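Chemist: PDB, C-alpha atoms, saved as coords34.pdb, coming up:
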ATOM      1  CA  ARG A   1     -84.363  14.049  10.536
ATOM      2  CA  ALA A   2     -83.789  10.809  12.390
ATOM      3  CA  PRO A   3     -83.983  11.192  16.152
ATOM      4  CA  ARG A   4     -80.748  10.928  18.085
ATOM      5  CA  THR A   5     -80.241   7.854  20.150
ATOM      6  CA  PRO A   6     -78.658   7.890  23.613
ATOM      7  CA  LEU A   7     -75.723   5.844  22.259
ATOM      8  CA  ALA A   8     -74.671   8.411  19.642
ATOM      9  CA  LYS A   9     -74.481  11.839  21.278
ATOM     10  CA  ARG A  10     -72.605  14.551  19.390
ATOM     11  CA  SER A  11     -69.423  16.000  20.821
ATOM     12  CA  ARG A  12     -69.457  19.817  21.052
ATOM     13  CA  ILE A  13     -65.696  19.822  20.322
ATOM     14  CA  SER A  14     -65.376  17.675  17.201
ATOM     15  CA  GLY A  15     -68.913  16.887  16.193
ATOM     16  CA  SER A  16     -68.059  13.186  16.032
ATOM     17  CA  ALA A  17     -70.266  10.530  17.501
ATOM     18  CA  ARG A  18     -69.260   9.172  20.896
ATOM     19  CA  VAL A  19     -70.506   5.663  21.518
ATOM     20  CA  PRO A  20     -70.088   4.422  25.085
ATOM     21  CA  ALA A  21     -68.508   0.993  25.332
ATOM     22  CA  PRO A  22     -71.090  -1.640  26.097
ATOM     23  CA  HIS A  23     -70.901  -3.277  29.482
ATOM     24  CA  LEU A  24     -69.384  -6.718  29.112
ATOM     25  CA  PRO A  25     -69.800  -9.277  31.841
ATOM     26  CA  SER A  26     -66.632 -10.600  33.466
ATOM     27  CA  PRO A  27     -65.625 -14.032  32.189
ATOM     28  CA  ALA A  28     -66.625 -16.879  34.414
ATOM     29  CA  PRO A  29     -63.723 -18.259  36.466
ATOM     30  CA  MET A  30     -62.141 -21.355  34.982
ATOM     31  CA  SER A  31     -62.792 -24.632  36.735
ATOM     32  CA  ASN A  32     -59.737 -26.479  37.971
ATOM     33  CA  ILE A  33     -60.229 -29.064  35.227
ATOM     34  CA  SER A  34     -60.099 -26.254  32.662
ATOM     35  CA  ARG A  35     -56.995 -24.792  34.307
ATOM     36  CA  VAL A  36     -55.207 -28.138  34.147
ATOM     37  CA  LEU A  37     -56.137 -28.518  30.482
ATOM     38  CA  GLN A  38     -54.897 -24.998  29.760
ATOM     39  CA  ALA A  39     -51.611 -25.763  31.519
ATOM     40  CA  ARG A  40     -51.230 -28.849  29.336
ATOM     41  CA  ILE A  41     -51.921 -26.817  26.187
ATOM     42  CA  ASP A  42     -49.514 -24.032  27.181
ATOM     43  CA  LEU A  43     -46.666 -26.353  28.165
ATOM     44  CA  ALA A  44     -47.043 -28.413  24.975
ATOM     45  CA  ALA A  45     -46.919 -25.152  23.003
ATOM     46  CA  VAL A  46     -43.628 -24.212  24.690
ATOM     47  CA  TYR A  47     -42.120 -27.586  23.759
ATOM     48  CA  ARG A  48     -43.205 -27.049  20.147
ATOM     49  CA  LEU A  49     -41.986 -23.445  20.011
ATOM     50  CA  LEU A  50     -38.558 -24.227  21.445
ATOM     51  CA  ASP A  51     -38.247 -27.066  18.967
ATOM     52  CA  LYS A  52     -39.114 -24.651  16.159
ATOM     53  CA  TYR A  53     -36.520 -22.143  17.420
ATOM     54  CA  LYS A  54     -33.951 -24.990  17.790
ATOM     55  CA  LEU A  55     -33.388 -24.265  21.468
ATOM     56  CA  ASN A  56     -33.608 -27.914  22.496
ATOM     57  CA  GLU A  57     -31.179 -30.820  22.228
ATOM     58  CA  GLY A  58     -32.718 -33.905  20.650
ATOM     59  CA  ILE A  59     -34.901 -35.761  23.154
ATOM     60  CA  CYS A  60     -32.928 -34.333  26.067
ATOM     61  CA  ASN A  61     -33.687 -31.249  28.198
ATOM     62  CA  HIS A  62     -37.056 -30.902  29.879
ATOM     63  CA  LEU A  63     -39.811 -28.401  30.614
ATOM     64  CA  THR A  64     -42.311 -28.770  33.448
ATOM     65  CA  ALA A  65     -45.285 -26.967  34.960
ATOM     66  CA  LEU A  66     -47.024 -27.477  38.266
ATOM     67  CA  VAL A  67     -50.516 -28.902  37.975
ATOM     68  CA  PRO A  68     -52.867 -26.006  38.878
ATOM     69  CA  GLY A  69     -54.319 -26.410  42.353
ATOM     70  CA  THR A  70     -51.354 -28.495  43.558
ATOM     71  CA  THR A  71     -47.847 -27.852  44.859
ATOM     72  CA  ASP A  72     -46.404 -31.344  44.444
ATOM     73  CA  ARG A  73     -47.552 -32.544  41.020
ATOM     74  CA  PHE A  74     -46.184 -31.459  37.688
ATOM     75  CA  LEU A  75     -46.463 -32.090  33.958
ATOM     76  CA  VAL A  76     -43.446 -33.321  32.000
ATOM     77  CA  ILE A  77     -42.540 -34.915  28.677
ATOM     78  CA  ARG A  78     -42.445 -38.692  28.334
ATOM     79  CA  TYR A  79     -38.845 -39.778  27.897
ATOM     80  CA  GLY A  80     -38.034 -40.603  24.288
ATOM     81  CA  LEU A  81     -40.443 -38.197  22.612
ATOM     82  CA  LEU A  82     -39.164 -35.575  20.220
ATOM     83  CA  TRP A  83     -40.288 -32.114  21.277
ATOM     84  CA  SER A  84     -42.133 -31.825  17.984
ATOM     85  CA  GLU A  85     -44.249 -34.801  19.094
ATOM     86  CA  VAL A  86     -45.402 -33.312  22.393
ATOM     87  CA  THR A  87     -49.130 -32.650  22.714
ATOM     88  CA  ALA A  88     -51.349 -31.536  25.559
ATOM     89  CA  SER A  89     -52.670 -35.070  25.937
ATOM     90  CA  ASN A  90     -49.378 -36.988  25.995
ATOM     91  CA  LEU A  91     -47.713 -34.959  28.747
ATOM     92  CA  VAL A  92     -47.186 -37.069  31.865
ATOM     93  CA  MET A  93     -48.396 -36.016  35.317
ATOM     94  CA  VAL A  94     -46.132 -37.091  38.189
ATOM     95  CA  ASP A  95     -46.089 -36.420  41.923
ATOM     96  CA  ALA A  96     -43.165 -35.597  44.205
ATOM     97  CA  GLN A  97     -42.644 -39.286  44.991
ATOM     98  CA  GLY A  98     -42.178 -40.131  41.337
ATOM     99  CA  ASN A  99     -45.563 -41.803  40.880
ATOM    100  CA  ILE A 100     -47.192 -41.385  37.464
ATOM    101  CA  ILE A 101     -50.673 -39.970  38.079
ATOM    102  CA  GLU A 102     -51.729 -39.538  34.458
ATOM    103  CA  GLY A 103     -50.206 -40.611  31.174
ATOM    104  CA  GLU A 104     -47.597 -43.138  30.186
ATOM    105  CA  GLY A 105     -43.950 -43.109  31.273
ATOM    106  CA  PRO A 106     -41.130 -43.394  31.624
ATOM    107  CA  VAL A 107     -40.005 -39.992  32.884
ATOM    108  CA  GLU A 108     -36.278 -39.265  32.700
ATOM    109  CA  THR A 109     -34.612 -39.380  36.138
ATOM    110  CA  THR A 110     -32.758 -36.088  35.701
ATOM    111  CA  ALA A 111     -35.979 -34.352  34.669
ATOM    112  CA  PHE A 112     -37.705 -35.615  37.795
ATOM    113  CA  GLN A 113     -34.882 -34.788  40.227
ATOM    114  CA  ILE A 114     -34.129 -31.284  38.928
ATOM    115  CA  HIS A 115     -37.684 -30.122  38.482
ATOM    116  CA  LYS A 116     -39.168 -31.700  41.597
ATOM    117  CA  ALA A 117     -36.646 -29.947  43.850
ATOM    118  CA  ILE A 118     -37.135 -26.536  42.244
ATOM    119  CA  HIS A 119     -40.934 -26.712  42.152
ATOM    120  CA  LEU A 120     -41.043 -27.699  45.837
ATOM    121  CA  ALA A 121     -38.617 -24.923  46.828
ATOM    122  CA  ASP A 122     -41.176 -22.220  45.947
ATOM    123  CA  PRO A 123     -44.325 -23.471  44.168
ATOM    124  CA  ALA A 124     -45.672 -19.955  43.602
ATOM    125  CA  LYS A 125     -42.492 -18.472  42.144
ATOM    126  CA  TYR A 126     -41.390 -21.663  40.370
ATOM    127  CA  ALA A 127     -44.683 -22.824  38.896
ATOM    128  CA  CYS A 128     -42.910 -23.446  35.593
ATOM    129  CA  VAL A 129     -39.343 -24.736  35.248
ATOM    130  CA  LEU A 130     -37.602 -24.796  31.854
ATOM    131  CA  HIS A 131     -34.225 -26.517  31.497
ATOM    132  CA  THR A 132     -32.442 -26.349  28.151
ATOM    133  CA  HIS A 133     -28.986 -26.528  26.610
ATOM    134  CA  MET A 134     -29.793 -23.716  24.172
ATOM    135  CA  PRO A 135     -26.630 -22.866  22.235
ATOM    136  CA  TYR A 136     -25.612 -19.308  23.099
ATOM    137  CA  SER A 137     -26.546 -19.361  26.784
ATOM    138  CA  THR A 138     -24.906 -22.777  27.201
ATOM    139  CA  ALA A 139     -21.753 -21.464  25.512
ATOM    140  CA  ILE A 140     -21.547 -18.768  28.207
ATOM    141  CA  CYS A 141     -21.826 -21.516  30.848
ATOM    142  CA  CYS A 142     -18.658 -23.077  29.398
ATOM    143  CA  LEU A 143     -16.521 -19.957  29.794
ATOM    144  CA  LYS A 144     -14.123 -19.412  32.687
ATOM    145  CA  ASP A 145     -15.956 -16.203  33.600
ATOM    146  CA  PHE A 146     -19.480 -17.452  32.845
ATOM    147  CA  GLU A 147     -21.479 -14.301  33.396
ATOM    148  CA  LEU A 148     -24.107 -12.605  31.275
ATOM    149  CA  LYS A 149     -22.829  -9.069  30.723
ATOM    150  CA  MET A 150     -25.325  -6.250  31.267
ATOM    151  CA  VAL A 151     -24.605  -4.556  27.930
ATOM    152  CA  HIS A 152     -27.951  -4.651  26.131
ATOM    153  CA  GLN A 153     -31.590  -4.081  27.019
ATOM    154  CA  ASN A 154     -32.264  -7.794  26.615
ATOM    155  CA  SER A 155     -29.566  -8.626  29.144
ATOM    156  CA  CYS A 156     -30.472  -5.790  31.525
ATOM    157  CA  ARG A 157     -33.893  -7.329  32.120
ATOM    158  CA  PHE A 158     -31.986 -10.043  34.034
ATOM    159  CA  HIS A 159     -30.026  -7.605  36.217
ATOM    160  CA  LYS A 160     -29.562  -9.226  39.647
ATOM    161  CA  GLY A 161     -31.914 -11.999  38.557
ATOM    162  CA  ILE A 162     -29.398 -14.693  37.620
ATOM    163  CA  ALA A 163     -27.792 -17.246  39.930
ATOM    164  CA  TYR A 164     -24.498 -18.832  38.860
ATOM    165  CA  ASP A 165     -23.547 -22.380  39.807
ATOM    166  CA  PRO A 166     -19.780 -22.964  39.475
ATOM    167  CA  LYS A 167     -20.077 -26.677  40.292
ATOM    168  CA  PHE A 168     -20.722 -29.445  37.823
ATOM    169  CA  ASN A 169     -21.417 -32.769  39.503
ATOM    170  CA  GLY A 170     -22.522 -34.659  36.419
ATOM    171  CA  LEU A 171     -26.036 -35.947  35.799
ATOM    172  CA  VAL A 172     -28.611 -35.067  38.433
ATOM    173  CA  LEU A 173     -29.668 -38.516  39.568
ATOM    174  CA  ASP A 174     -30.596 -38.038  43.233
ATOM    175  CA  ASP A 175     -32.422 -35.776  45.667
ATOM    176  CA  ASN A 176     -29.235 -34.209  47.011
ATOM    177  CA  GLU A 177     -28.078 -32.741  43.711
ATOM    178  CA  GLY A 178     -31.567 -31.540  42.786
ATOM    179  CA  GLU A 179     -31.939 -29.828  46.150
ATOM    180  CA  ARG A 180     -28.460 -28.315  45.805
ATOM    181  CA  LEU A 181     -29.430 -26.709  42.492
ATOM    182  CA  ALA A 182     -32.637 -25.337  44.019
ATOM    183  CA  SER A 183     -30.613 -23.909  46.905
ATOM    184  CA  VAL A 184     -28.064 -22.289  44.569
ATOM    185  CA  MET A 185     -30.921 -20.489  42.807
ATOM    186  CA  GLY A 186     -31.542 -18.614  46.047
ATOM    187  CA  GLY A 187     -34.935 -17.324  45.007
ATOM    188  CA  LYS A 188     -33.772 -16.081  41.594
ATOM    189  CA  THR A 189     -35.561 -17.186  38.459
ATOM    190  CA  VAL A 190     -32.565 -17.973  36.234
ATOM    191  CA  LEU A 191     -29.700 -20.386  36.923
ATOM    192  CA  MET A 192     -26.635 -20.644  34.727
ATOM    193  CA  HIS A 193     -24.990 -23.976  35.487
ATOM    194  CA  ARG A 194     -21.311 -24.311  34.607
ATOM    195  CA  SER A 195     -20.564 -26.748  31.766
ATOM    196  CA  HIS A 196     -24.208 -27.740  31.581
ATOM    197  CA  GLY A 197     -26.949 -25.301  30.587
ATOM    198  CA  VAL A 198     -29.618 -23.007  31.969
ATOM    199  CA  ILE A 199     -32.727 -23.258  34.097
ATOM    200  CA  VAL A 200     -35.377 -20.561  33.739
ATOM    201  CA  CYS A 201     -38.407 -20.427  36.038
ATOM    202  CA  GLY A 202     -41.552 -18.373  36.302
ATOM    203  CA  ALA A 203     -44.798 -17.946  38.168
ATOM    204  CA  SER A 204     -46.543 -18.909  34.933
ATOM    205  CA  ILE A 205     -45.677 -20.864  31.808
ATOM    206  CA  ALA A 206     -45.889 -17.702  29.706
ATOM    207  CA  ALA A 207     -43.533 -15.752  32.011
ATOM    208  CA  ALA A 208     -40.939 -18.522  32.031
ATOM    209  CA  PHE A 209     -41.045 -18.889  28.247
ATOM    210  CA  ASP A 210     -40.664 -15.137  27.756
ATOM    211  CA  ASP A 211     -37.593 -15.014  29.996
ATOM    212  CA  LEU A 212     -36.008 -18.061  28.386
ATOM    213  CA  TYR A 213     -36.472 -16.621  24.897
ATOM    214  CA  TYR A 214     -34.931 -13.269  25.836
ATOM    215  CA  LEU A 215     -32.095 -14.901  27.787
ATOM    216  CA  GLU A 216     -30.958 -16.638  24.614
ATOM    217  CA  ARG A 217     -31.343 -13.413  22.638
ATOM    218  CA  ALA A 218     -29.246 -11.598  25.254
ATOM    219  CA  ALA A 219     -26.530 -14.262  25.144
TER     220      ALA A 219
END
Rewrite the structure of this file - the entire thing - as C-alpha coordinates.

Modeler:
Amino acid sequence: RAPRTPLAKRSRISGSARVPAPHLPSPAPMSNISRVLQARIDLAAVYRLLDKYKLNEGICNHLTALVPGTTDRFLVIRYGLLWSEVTASNLVMVDAQGNIIEGEGPVETTAFQIHKAIHLADPAKYACVLHTHMPYSTAICCLKDFELKMVHQNSCRFHKGIAYDPKFNGLVLDDNEGERLASVMGGKTVLMHRSHGVIVCGASIAAAFDDLYYLERAA
(Lines of atoms letter the chains of each structure in order from A and count residues from 1; the text may use other names and numbers.)
(Lines give C-alpha, C1' and ligand atoms only; values in the text may rest on other atoms or scores of the structure.)
Protein backbone atom coordinates (compact mmCIF):
# COMPACT_ATOMS: atom_id res chain seq x y z
CA ARG A 1 0.00 0.00 0.00
CA ALA A 2 1.28 3.43 -0.92
CA PRO A 3 2.24 5.52 2.09
CA ARG A 4 -0.01 8.43 2.95
CA THR A 5 1.32 11.86 2.30
CA PRO A 6 0.78 14.80 4.66
CA LEU A 7 -1.30 16.55 1.97
CA ALA A 8 -3.93 13.80 1.70
CA LYS A 9 -5.08 12.85 5.20
CA ARG A 10 -8.31 10.86 5.47
CA SER A 11 -11.33 12.38 7.15
CA ARG A 12 -12.80 10.19 9.91
CA ILE A 13 -16.29 11.47 8.98
CA SER A 14 -16.48 10.92 5.22
CA GLY A 15 -13.30 9.11 4.34
CA SER A 16 -12.58 11.65 1.61
CA ALA A 17 -9.19 13.19 1.11
CA ARG A 18 -8.67 16.66 2.54
CA VAL A 19 -5.99 18.61 0.74
CA PRO A 20 -4.96 21.85 2.43
CA ALA A 21 -4.88 24.84 0.11
CA PRO A 22 -1.35 25.73 -0.85
CA HIS A 23 0.00 28.99 0.47
CA LEU A 24 -0.02 31.55 -2.30
CA PRO A 25 2.07 34.67 -2.02
CA SER A 26 0.24 37.99 -2.09
CA PRO A 27 0.44 39.73 -5.46
CA ALA A 28 3.03 42.43 -5.67
CA PRO A 29 1.56 45.94 -5.44
CA MET A 30 1.07 47.61 -8.80
CA SER A 31 3.42 50.42 -9.68
CA ASN A 32 1.80 53.76 -10.38
CA ILE A 33 2.60 53.35 -14.07
CA SER A 34 0.69 50.05 -14.03
CA ARG A 35 -2.22 51.66 -12.19
CA VAL A 36 -2.46 54.43 -14.78
CA LEU A 37 -2.41 51.88 -17.59
CA GLN A 38 -5.11 49.85 -15.85
CA ALA A 39 -7.25 52.98 -15.46
CA ARG A 40 -6.87 53.63 -19.18
CA ILE A 41 -7.88 50.05 -20.01
CA ASP A 42 -10.88 50.12 -17.65
CA LEU A 43 -12.19 53.49 -18.83
CA ALA A 44 -11.81 52.52 -22.50
CA ALA A 45 -13.75 49.33 -21.73
CA VAL A 46 -16.60 51.37 -20.23
CA TYR A 47 -16.78 53.53 -23.36
CA ARG A 48 -16.95 50.38 -25.49
CA LEU A 49 -19.52 48.67 -23.27
CA LEU A 50 -21.86 51.66 -23.14
CA ASP A 51 -21.59 51.94 -26.90
CA LYS A 52 -22.52 48.27 -27.20
CA TYR A 53 -25.50 48.76 -24.86
CA LYS A 54 -26.50 51.93 -26.81
CA LEU A 55 -26.37 54.11 -23.72
CA ASN A 56 -24.43 56.89 -25.43
CA GLU A 57 -25.45 59.62 -27.87
CA GLY A 58 -23.23 59.77 -30.94
CA ILE A 59 -19.93 61.49 -30.15
CA CYS A 60 -21.51 63.41 -27.28
CA ASN A 61 -21.57 62.54 -23.56
CA HIS A 62 -18.34 61.84 -21.74
CA LEU A 63 -16.75 59.50 -19.20
CA THR A 64 -13.70 60.38 -17.12
CA ALA A 65 -11.45 58.87 -14.48
CA LEU A 66 -8.88 60.49 -12.24
CA VAL A 67 -5.31 59.54 -13.03
CA PRO A 68 -4.20 57.26 -10.15
CA GLY A 69 -1.89 59.06 -7.75
CA THR A 70 -3.34 62.49 -8.62
CA THR A 71 -6.35 64.57 -7.62
CA ASP A 72 -6.30 67.10 -10.46
CA ARG A 73 -5.66 65.10 -13.63
CA PHE A 74 -8.14 62.93 -15.46
CA LEU A 75 -8.57 60.79 -18.56
CA VAL A 76 -11.21 61.69 -21.14
CA ILE A 77 -12.19 60.95 -24.74
CA ARG A 78 -10.81 63.08 -27.56
CA TYR A 79 -13.64 65.14 -29.01
CA GLY A 80 -14.92 63.70 -32.28
CA LEU A 81 -14.21 60.04 -31.59
CA LEU A 82 -17.00 57.50 -31.68
CA TRP A 83 -17.16 55.55 -28.44
CA SER A 84 -16.48 52.40 -30.43
CA GLU A 85 -13.13 53.94 -31.42
CA VAL A 86 -11.90 54.61 -27.89
CA THR A 87 -8.82 52.68 -26.80
CA ALA A 88 -6.61 52.79 -23.73
CA SER A 89 -3.92 54.57 -25.72
CA ASN A 90 -6.01 57.31 -27.34
CA LEU A 91 -7.61 58.61 -24.15
CA VAL A 92 -6.43 62.15 -23.38
CA MET A 93 -4.93 63.16 -20.03
CA VAL A 94 -5.76 66.71 -18.93
CA ASP A 95 -5.14 68.72 -15.77
CA ALA A 96 -7.47 71.04 -13.88
CA GLN A 97 -6.22 74.04 -15.87
CA GLY A 98 -7.20 72.42 -19.15
CA ASN A 99 -3.66 71.57 -20.25
CA ILE A 100 -3.26 68.36 -22.26
CA ILE A 101 -0.63 66.27 -20.47
CA GLU A 102 -0.78 63.19 -22.69
CA GLY A 103 -2.51 62.45 -25.96
CA GLU A 104 -4.01 64.57 -28.68
CA GLY A 105 -6.95 66.95 -28.27
CA PRO A 106 -9.22 68.66 -28.52
CA VAL A 107 -11.28 67.93 -25.42
CA GLU A 108 -14.90 69.10 -25.46
CA THR A 109 -15.45 72.16 -23.23
CA THR A 110 -18.53 70.74 -21.51
CA ALA A 111 -16.67 67.52 -20.73
CA PHE A 112 -13.86 69.49 -19.13
CA GLN A 113 -16.06 71.86 -17.12
CA ILE A 114 -18.48 69.24 -15.76
CA HIS A 115 -15.95 66.59 -14.90
CA LYS A 116 -13.22 68.86 -13.55
CA ALA A 117 -15.58 70.42 -11.00
CA ILE A 118 -16.95 67.08 -9.79
CA HIS A 119 -13.57 65.36 -9.57
CA LEU A 120 -12.14 68.27 -7.55
CA ALA A 121 -15.16 68.35 -5.21
CA ASP A 122 -14.24 64.95 -3.73
CA PRO A 123 -11.41 63.10 -5.53
CA ALA A 124 -11.80 59.96 -3.40
CA LYS A 125 -15.56 59.61 -3.80
CA TYR A 126 -15.67 60.93 -7.37
CA ALA A 127 -12.68 59.15 -8.87
CA CYS A 128 -14.81 58.24 -11.88
CA VAL A 129 -17.50 60.46 -13.40
CA LEU A 130 -19.85 59.13 -16.09
CA HIS A 131 -22.21 61.53 -17.89
CA THR A 132 -24.68 60.11 -20.39
CA HIS A 133 -28.02 60.84 -22.01
CA MET A 134 -29.08 57.19 -21.78
CA PRO A 135 -32.68 56.90 -22.95
CA TYR A 136 -34.81 55.77 -20.01
CA SER A 137 -33.05 57.73 -17.28
CA THR A 138 -32.99 60.84 -19.48
CA ALA A 139 -36.72 60.43 -20.15
CA ILE A 140 -37.32 60.61 -16.39
CA CYS A 141 -35.29 63.85 -16.31
CA CYS A 142 -37.80 65.34 -18.77
CA LEU A 143 -40.85 64.70 -16.60
CA LYS A 144 -42.45 67.34 -14.39
CA ASP A 145 -41.93 65.12 -11.35
CA PHE A 146 -38.51 63.75 -12.36
CA GLU A 147 -37.90 61.25 -9.60
CA LEU A 148 -36.82 57.63 -9.69
CA LYS A 149 -39.52 55.72 -7.83
CA MET A 150 -38.35 53.19 -5.24
CA VAL A 151 -40.51 50.35 -6.59
CA HIS A 152 -37.98 47.70 -7.59
CA GLN A 153 -34.80 46.22 -6.16
CA ASN A 154 -32.79 47.91 -8.90
CA SER A 155 -34.19 51.30 -7.93
CA CYS A 156 -33.95 50.68 -4.18
CA ARG A 157 -30.17 50.40 -4.42
CA PHE A 158 -30.26 54.17 -5.09
CA HIS A 159 -32.43 55.00 -2.06
CA LYS A 160 -31.31 58.41 -0.73
CA GLY A 161 -28.39 58.30 -3.15
CA ILE A 162 -29.73 60.51 -5.94
CA ALA A 163 -29.52 64.30 -6.17
CA TYR A 164 -32.04 66.11 -8.39
CA ASP A 165 -31.19 69.32 -10.22
CA PRO A 166 -34.34 71.22 -11.27
CA LYS A 167 -32.36 73.87 -13.17
CA PHE A 168 -31.28 73.67 -16.77
CA ASN A 169 -28.89 76.44 -17.74
CA GLY A 170 -27.92 75.10 -21.14
CA LEU A 171 -24.47 73.85 -22.08
CA VAL A 172 -21.91 73.80 -19.29
CA LEU A 173 -19.29 76.14 -20.70
CA ASP A 174 -17.75 77.77 -17.62
CA ASP A 175 -16.46 77.10 -14.12
CA ASN A 176 -19.56 78.49 -12.42
CA GLU A 177 -22.00 76.02 -13.94
CA GLY A 178 -19.66 73.07 -13.41
CA GLU A 179 -19.19 74.01 -9.77
CA ARG A 180 -22.95 74.49 -9.37
CA LEU A 181 -23.58 70.94 -10.58
CA ALA A 182 -20.94 69.59 -8.18
CA SER A 183 -22.58 71.51 -5.34
CA VAL A 184 -26.06 70.22 -6.21
CA MET A 185 -24.73 66.66 -5.95
CA GLY A 186 -24.14 67.31 -2.26
CA GLY A 187 -21.95 64.27 -1.77
CA LYS A 188 -24.33 61.87 -3.52
CA THR A 189 -23.10 59.69 -6.35
CA VAL A 190 -25.96 60.14 -8.82
CA LEU A 191 -27.32 63.39 -10.28
CA MET A 192 -30.46 63.56 -12.38
CA HIS A 193 -30.35 66.85 -14.28
CA ARG A 194 -33.66 68.20 -15.55
CA SER A 195 -34.04 68.21 -19.35
CA HIS A 196 -30.48 67.00 -19.76
CA GLY A 197 -29.32 63.60 -18.52
CA VAL A 198 -27.56 61.84 -15.66
CA ILE A 199 -24.20 61.91 -13.95
CA VAL A 200 -23.06 58.80 -12.09
CA CYS A 201 -19.88 58.79 -10.00
CA GLY A 202 -17.89 56.24 -8.06
CA ALA A 203 -14.75 55.66 -6.07
CA SER A 204 -13.64 53.36 -8.87
CA ILE A 205 -14.38 52.95 -12.57
CA ALA A 206 -16.01 49.57 -11.91
CA ALA A 207 -18.30 50.96 -9.17
CA ALA A 208 -19.44 53.87 -11.33
CA PHE A 209 -20.15 51.62 -14.31
CA ASP A 210 -22.13 49.20 -12.15
CA ASP A 211 -24.32 51.99 -10.78
CA LEU A 212 -24.87 53.55 -14.20
CA TYR A 213 -25.93 50.22 -15.69
CA TYR A 214 -28.41 49.50 -12.90
CA LEU A 215 -29.75 53.07 -12.91
CA GLU A 216 -30.83 52.62 -16.51
CA ARG A 217 -32.30 49.21 -15.71
CA ALA A 218 -34.23 50.76 -12.81
CA ALA A 219 -35.55 53.58 -15.00

Chemist: Could you name the residues that touch A:His196 at 8 Å or less, counting all atoms listed in the file, but leaving out those on the same chain fewer than 2 positions away, as a PDB file with C-alpha atoms, keeping the file's coordinate frame?

Modeler:
ATOM      1  CA  HIS A 133     -28.986 -26.528  26.610  1.00  0.00           C
ATOM      2  CA  THR A 138     -24.906 -22.777  27.201  1.00  0.00           C
ATOM      3  CA  CYS A 141     -21.826 -21.516  30.848  1.00  0.00           C
ATOM      4  CA  CYS A 142     -18.658 -23.077  29.398  1.00  0.00           C
ATOM      5  CA  PHE A 168     -20.722 -29.445  37.823  1.00  0.00           C
ATOM      6  CA  HIS A 193     -24.990 -23.976  35.487  1.00  0.00           C
ATOM      7  CA  ARG A 194     -21.311 -24.311  34.607  1.00  0.00           C
ATOM      8  CA  VAL A 198     -29.618 -23.007  31.969  1.00  0.00           C
TER       9      VAL A 198
END

Chemist: Out of A:Asn56, A:Gln153, A:Asn90, A:Ser34, which residue has the shortest atom-to-atom distance to A:Thr132 when counting all atoms listed in the file?

Modeler: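 For A:Thr132, the nearest of the candidates is A:Asn56.
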
Chemist: So that I can see what lies close to stretch 157-162 of chain A, please list as a list in words the residues with an atom at most 6 Å from it, counting all atoms listed in the file and leaving out residues fewer than 4 positions away in the same chain.

Modeler: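 Returned residues: Lys188, Val190 and Leu191 of chain A.
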
Chemist: Around (-41.6, -31.2, 20.5) in the file's own coordinates, what residues are found within 7 Å if you use only C-alpha atoms, given back as a PyMOL selection string?

Modeler: chain A and resi 47-48+51+82-86

Chemist: Kindly indicate which residue among A:Ala124, A:Ala219, A:Leu75, A:Ala139 lies nearest to A:Ile101, using only C-alpha atoms for the distances.

Modeler: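 Result for the nearest residue to A:Ile101: A:Leu75.
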
Chemist: Which residue, A:Tyr126, A:Tyr79, A:Phe146, A:Tyr164, has the smallest gap to A:Ala203 when you use all atoms listed in the file?

Modeler: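 Of A:Tyr126, A:Tyr79, A:Phe146, A:Tyr164, the one nearest A:Ala203 is A:Tyr126, counting all atoms listed in the file.
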
Chemist: Taking the file as shown, find all residues satisfying the PyMOL selection byres ((chain A and resi 91) around 7) and write them as a PDB file with C-alpha atoms, keeping the file's coordinate frame.

Modeler:
ATOM      1  CA  LEU A  75     -46.463 -32.090  33.958  1.00  0.00           C
ATOM      2  CA  VAL A  76     -43.446 -33.321  32.000  1.00  0.00           C
ATOM      3  CA  ILE A  77     -42.540 -34.915  28.677  1.00  0.00           C
ATOM      4  CA  ARG A  78     -42.445 -38.692  28.334  1.00  0.00           C
ATOM      5  CA  VAL A  86     -45.402 -33.312  22.393  1.00  0.00           C
ATOM      6  CA  THR A  87     -49.130 -32.650  22.714  1.00  0.00           C
ATOM      7  CA  ALA A  88     -51.349 -31.536  25.559  1.00  0.00           C
ATOM      8  CA  SER A  89     -52.670 -35.070  25.937  1.00  0.00           C
ATOM      9  CA  ASN A  90     -49.378 -36.988  25.995  1.00  0.00           C
ATOM     10  CA  VAL A  92     -47.186 -37.069  31.865  1.00  0.00           C
ATOM     11  CA  MET A  93     -48.396 -36.016  35.317  1.00  0.00           C
ATOM     12  CA  GLY A 103     -50.206 -40.611  31.174  1.00  0.00           C
TER      13      GLY A 103
END

Chemist: Can you list, as a PyMOL selection string, the residues that the PyMOL selection byres ((chain A and resi 179) around 12) selects here?

Modeler: chain A and resi 112-122+172-178+180-186

Chemist: To one decimal place in Å, what is the distance between atom CA of A:Gly170 and atom CA of A:Gly197?

Modeler: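 Pair atom CA of A:Gly170 / atom CA of A:Gly197 returns 11.9 Å.
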
Chemist: Suppose you want the space between atom CA of A:Pro123 and atom CA of A:Lys54; what is it in Å?

Modeler: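 According to the coordinates, atom CA of A:Pro123 and atom CA of A:Lys54 are separated by 28.4 Å.
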
Chemist: Have a look at A:His62, A:Ala218, A:Asn32, A:Tyr136 and name the one nearest to A:Val151; count only C-alpha atoms.

Modeler: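 Between A:His62, A:Ala218, A:Asn32, A:Tyr136, the residue approaching A:Val151 most closely is A:Ala218.
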
Chemist: Check what the PyMOL selection byres ((chain A and resi 73) around 8) selects in the file above and give those residues as a PyMOL selection string.

Modeler: chain A and resi 66-67+70-72+74-75+93-96

Chemist: Counting only C-alpha atoms, which residue out of A:Asn154, A:Thr64, A:Ser204, A:Gln38 sits closest to A:Lys125?

Modeler: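 Closest residue, counting only C-alpha atoms: A:Ser204.
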
Chemist: Can you work out which one of A:Ala45, A:Ala208, A:Ile140, A:Leu81 has the shortest atom-to-atom distance to A:Glu104, counting all atoms listed in the file?

Modeler: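 Closest to A:Glu104 of all the choices is A:Leu81.
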
Chemist: At what distance in Å, to one decimal, does atom CA of A:Val200 lie from atom CA of A:Pro68?

Modeler: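 Computing the Euclidean distance for atom CA of A:Pro68 and atom CA of A:Val200 yields 19.0 Å.
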